Amino acid sequence: MRILFIGDVVGEPGRKIAMRGLPILRKKWSLDLVVANAENAAGGSGITARCFSQLAQAGVDAFTMGDHVYRHKDVMDLFGKQPPMCRPANFPAEAPGPDHVIVETKSGVRIAVLSVLGRLFMKPVDCPFHTVDRILSQLEQDVQVVLVDIHAEATSEKQALLRHLVGRVSAVFGTHTHVPTADAAVFPPGTAYCTDVGMTGPYDGVIGRDWKKVLHTMVTQQPVFFDVAKADARISGALFDVDTSTGRASSCRLVHLTESDLESLSHAPFGEEGGGV
């Protein structure tokens, strides 16, 4: 099966390019599943019912979230709806929302999706390593494909989680820093990995925000509200193939698609991957 995981959807530009691009990618690449980190979908922080609906209609099958999960009260009503959405699994047990979700494809394959927050340079949370261990021990035997989103600042922590989970899950993908890294690969015996898959949003900014305002604050130390940037929207993520009987990944590639890439891909023959892969 083929799965696309897209990184942090940022604001309206991120939602719009996802709404335009995901139907094209699902068709052209014969995608079985699309998972999105949507913790920045609403104005750059959190998610609302409207944003959830737009991304669901675009073709997202499951959502992961991050440290901004509770920014909008709408999220409380979104847990338990379809497509399923999970909060970071290493939040306290009292935190609202499921710590992982099970998604079933049209062919009947059941896939576990979860996210954990890193602990380096971030708010205190439970151990991400032990948390994933706990969830893996709870999965039913027929759930062989497992996708883990590590929402963290430190590249070292993301790589360490990979080493902890290699051979035990199908994929470990990093989010949160919004900058794609050039290390997409499959680690034997079959765990797809990328330190950060990047963001789905506007790249004419500073990690998705208006660069002029960010620069003003960094130079003057005067705080201002950081609006979401507007231009150069791209879809960024990871595309991987996995054997559903073993849960082992066989390929993994970084996806980074501009508007022009999507235009070219929409006119390409079936089977052609176009630019940005």
# chains A, B, ... in the order shown; residues from 1 in each chain; ligands from 1
call {"tool": "residues_around", "arguments": {"residues": "A:Arg110", "least_positions_apart": "5", "cutoff": "6 Å", "atoms": "only C-alpha atoms", "output": "list in words"}}
result
Val103, Glu104 and Val143 of chain A
call {"tool": "write_last_selection", "arguments": {"atoms": "N, CA and C atoms", "output": "short mmCIF file (atom, residue, chain, number, x, y, z; two decimals), in the first residue's frame"}}
result
data_model
loop_
_atom_site.label_atom_id
_atom_site.label_comp_id
_atom_site.auth_asym_id
_atom_site.auth_seq_id
_atom_site.Cartn_x
_atom_site.Cartn_y
_atom_site.Cartn_z
N VAL A 103 -7.13 3.61 11.60
CA VAL A 103 -7.78 3.96 10.34
C VAL A 103 -7.91 2.69 9.49
N GLU A 104 -9.07 2.51 8.89
CA GLU A 104 -9.27 1.35 8.03
C GLU A 104 -9.40 1.81 6.58
N VAL A 143 -3.23 -5.22 13.43
CA VAL A 143 -2.73 -3.89 13.08
C VAL A 143 -1.21 -3.99 12.91
#
call {"tool": "closest_atom_pairs", "arguments": {"of": "stretch 221-246 of chain A", "to": "stretch 197-205 of chain A", "cutoff": "9 Å", "atoms": "only C-alpha atoms", "output": "tab-separated table"}}
result
residue	atom	partner	partner_atom	distance
A:Val228	CA	A:Pro202	CA	7.9
A:Ala229	CA	A:Gly205	CA	5.5
A:Lys230	CA	A:Pro202	CA	5.7
A:Ala231	CA	A:Asp204	CA	5.4
A:Asp232	CA	A:Pro202	CA	5.2
A:Ala233	CA	A:Pro202	CA	4.0
A:Arg234	CA	A:Gly201	CA	5.5
A:Ile235	CA	A:Thr200	CA	4.4
A:Ser236	CA	A:Thr200	CA	5.1
A:Gly237	CA	A:Val197	CA	4.7
A:Ala238	CA	A:Val197	CA	6.1
call {"tool": "select_by_dssp", "arguments": {"residues": "stretch 141-222 of chain A", "states": "strand (DSSP E)", "output": "compact mmCIF listing (two decimals) with C-alpha atoms, in the first residue's frame"}}
result
# COMPACT_ATOMS: atom_id res chain seq x y z
CA VAL A 145 1.10 -0.85 9.84
CA VAL A 146 2.00 1.86 12.36
CA LEU A 147 2.83 5.51 11.59
CA VAL A 148 4.45 7.65 14.30
CA ASP A 149 4.63 11.46 14.07
CA ILE A 150 7.37 12.86 16.34
CA HIS A 151 6.51 16.52 16.87
CA ALA A 171 7.28 4.87 9.72
CA VAL A 172 8.68 7.58 12.00
CA PHE A 173 8.29 11.10 10.61
CA GLY A 174 9.32 14.37 12.23
CA THR A 175 7.19 17.53 12.26
CA ALA A 185 15.11 6.71 3.84
CA VAL A 186 14.07 3.21 4.84
CA PHE A 187 16.00 1.75 7.77
CA THR A 191 11.01 1.56 8.90
CA ALA A 192 10.51 4.68 6.77
CA TYR A 193 12.01 7.83 8.25
CA CYS A 194 12.53 11.55 7.72
CA GLY A 201 1.93 26.02 3.65
CA PRO A 202 3.53 29.32 2.53
call {"tool": "atom_distance", "arguments": {"atom1": "atom CA of A:Arg87", "atom2": "atom CA of A:Asp99"}}
result
5.7 Å
call {"tool": "closest_residue", "arguments": {"among": "A:Pro269, A:Gly167, A:Pro180, A:Gly44", "to": "A:Gly11", "atoms": "only C-alpha atoms"}}
result
A:Gly44
call {"tool": "closest_residue", "arguments": {"among": "A:Lys213, A:His68, A:Arg134, A:His100", "to": "A:His176", "atoms": "only C-alpha atoms"}}
result
A:His68
call {"tool": "select_by_dssp", "arguments": {"residues": "stretch 112-203 of chain A", "states": "alpha helix (DSSP H)", "output": "list of chain:residue names"}}
result
A:Pro128, A:Phe129, A:His130, A:Thr131, A:Val132, A:Asp133, A:Arg134, A:Ile135, A:Leu136, A:Ser137, A:Gln138, A:Thr155, A:Ser156, A:Glu157, A:Lys158, A:Gln159, A:Ala160, A:Leu161, A:Leu162, A:Arg163, A:His164, A:Leu165
call {"tool": "closest_residue", "arguments": {"among": "A:Val132, A:Ile102, A:Leu161, A:Ile207", "to": "A:Gln82", "atoms": "only C-alpha atoms"}}
result
A:Ile102
call {"tool": "atom_distance", "arguments": {"atom1": "atom CA of A:Ala41", "atom2": "atom CA of A:Val10"}}
result
4.9 Å
call {"tool": "atom_distance", "arguments": {"atom1": "atom CA of A:Ile6", "atom2": "atom CA of A:Asp67"}}
result
17.1 Å
call {"tool": "decode", "arguments": {"residues": "stretch 54-149 of chain A", "atoms": "C-alpha atoms", "output": "tab-separated table (two decimals), in the first residue's frame"}}
result
chain	number	residue	atom	x	y	z
A	54	GLN	CA	-11.93	21.48	4.39
A	55	LEU	CA	-9.03	19.07	4.86
A	56	ALA	CA	-11.33	16.08	5.23
A	57	GLN	CA	-13.06	16.96	1.96
A	58	ALA	CA	-9.63	17.33	0.33
A	59	GLY	CA	-8.92	13.68	1.10
A	60	VAL	CA	-7.18	13.49	4.48
A	61	ASP	CA	-7.94	10.13	6.14
A	62	ALA	CA	-6.46	10.85	9.59
A	63	PHE	CA	-5.04	13.78	11.52
A	64	THR	CA	-2.18	14.08	13.97
A	65	MET	CA	-1.78	17.13	16.20
A	66	GLY	CA	0.95	18.80	18.24
A	67	ASP	CA	1.55	21.27	21.04
A	68	HIS	CA	-1.14	23.68	19.75
A	69	VAL	CA	-3.86	21.02	19.74
A	70	TYR	CA	-6.13	22.83	22.24
A	71	ARG	CA	-5.72	26.37	20.85
A	72	HIS	CA	-9.36	26.43	19.62
A	73	LYS	CA	-12.27	24.99	21.59
A	74	ASP	CA	-13.68	23.44	18.39
A	75	VAL	CA	-11.18	20.62	18.76
A	76	MET	CA	-13.13	19.12	21.68
A	77	ASP	CA	-16.04	18.39	19.32
A	78	LEU	CA	-13.77	17.05	16.57
A	79	PHE	CA	-12.34	14.16	18.56
A	80	GLY	CA	-14.32	11.05	17.71
A	81	LYS	CA	-15.46	12.38	14.33
A	82	GLN	CA	-14.39	11.09	10.93
A	83	PRO	CA	-11.67	11.34	9.74
A	84	PRO	CA	-10.17	10.45	13.14
A	85	MET	CA	-7.81	12.82	14.91
A	86	CYS	CA	-5.44	12.15	17.81
A	87	ARG	CA	-3.79	14.45	20.32
A	88	PRO	CA	-0.15	13.89	21.34
A	89	ALA	CA	0.01	10.50	23.03
A	90	ASN	CA	2.43	11.58	25.75
A	91	PHE	CA	0.07	14.18	27.20
A	92	PRO	CA	-1.35	13.25	30.61
A	93	ALA	CA	-4.07	10.59	30.60
A	94	GLU	CA	-6.59	13.28	31.60
A	95	ALA	CA	-5.99	15.25	28.38
A	96	PRO	CA	-9.02	15.23	26.04
A	97	GLY	CA	-8.85	13.20	22.86
A	98	PRO	CA	-7.51	9.77	21.85
A	99	ASP	CA	-3.79	9.05	22.17
A	100	HIS	CA	-3.84	7.14	18.86
A	101	VAL	CA	-6.33	6.28	16.14
A	102	ILE	CA	-6.96	3.23	13.98
A	103	VAL	CA	-7.78	3.96	10.34
A	104	GLU	CA	-9.27	1.35	8.03
A	105	THR	CA	-8.64	1.60	4.28
A	106	LYS	CA	-11.20	0.68	1.63
A	107	SER	CA	-9.47	-2.68	1.26
A	108	GLY	CA	-9.92	-3.38	4.98
A	109	VAL	CA	-6.34	-2.80	6.15
A	110	ARG	CA	-6.19	-1.33	9.66
A	111	ILE	CA	-3.45	1.22	10.36
A	112	ALA	CA	-2.43	2.82	13.66
A	113	VAL	CA	-1.56	6.53	13.61
A	114	LEU	CA	-0.16	8.44	16.58
A	115	SER	CA	1.94	11.46	17.48
A	116	VAL	CA	4.24	12.20	20.40
A	117	LEU	CA	5.84	15.45	21.48
A	118	GLY	CA	9.56	15.80	22.02
A	119	ARG	CA	10.88	16.92	25.40
A	120	LEU	CA	13.99	18.87	24.39
A	121	PHE	CA	13.31	22.65	24.20
A	122	MET	CA	9.56	22.05	24.59
A	123	LYS	CA	6.96	21.98	27.37
A	124	PRO	CA	7.24	19.11	29.88
A	125	VAL	CA	5.41	15.96	28.77
A	126	ASP	CA	5.66	12.25	29.47
A	127	CYS	CA	8.44	10.19	27.92
A	128	PRO	CA	7.83	9.75	24.16
A	129	PHE	CA	9.84	6.52	24.07
A	130	HIS	CA	7.87	4.77	26.81
A	131	THR	CA	4.62	6.21	25.45
A	132	VAL	CA	5.05	4.61	22.04
A	133	ASP	CA	6.06	1.34	23.73
A	134	ARG	CA	2.80	1.41	25.70
A	135	ILE	CA	0.64	2.02	22.65
A	136	LEU	CA	2.38	-0.68	20.61
A	137	SER	CA	1.68	-3.17	23.39
A	138	GLN	CA	-2.03	-2.30	23.23
A	139	LEU	CA	-2.53	-2.71	19.47
A	140	GLU	CA	-4.51	-5.65	18.21
A	141	GLN	CA	-2.58	-8.29	16.31
A	142	ASP	CA	-4.10	-7.46	12.93
A	143	VAL	CA	-2.73	-3.89	13.08
A	144	GLN	CA	0.63	-4.33	11.36
A	145	VAL	CA	1.10	-0.85	9.84
A	146	VAL	CA	2.00	1.86	12.36
A	147	LEU	CA	2.83	5.51	11.59
A	148	VAL	CA	4.45	7.65	14.30
A	149	ASP	CA	4.63	11.46	14.07
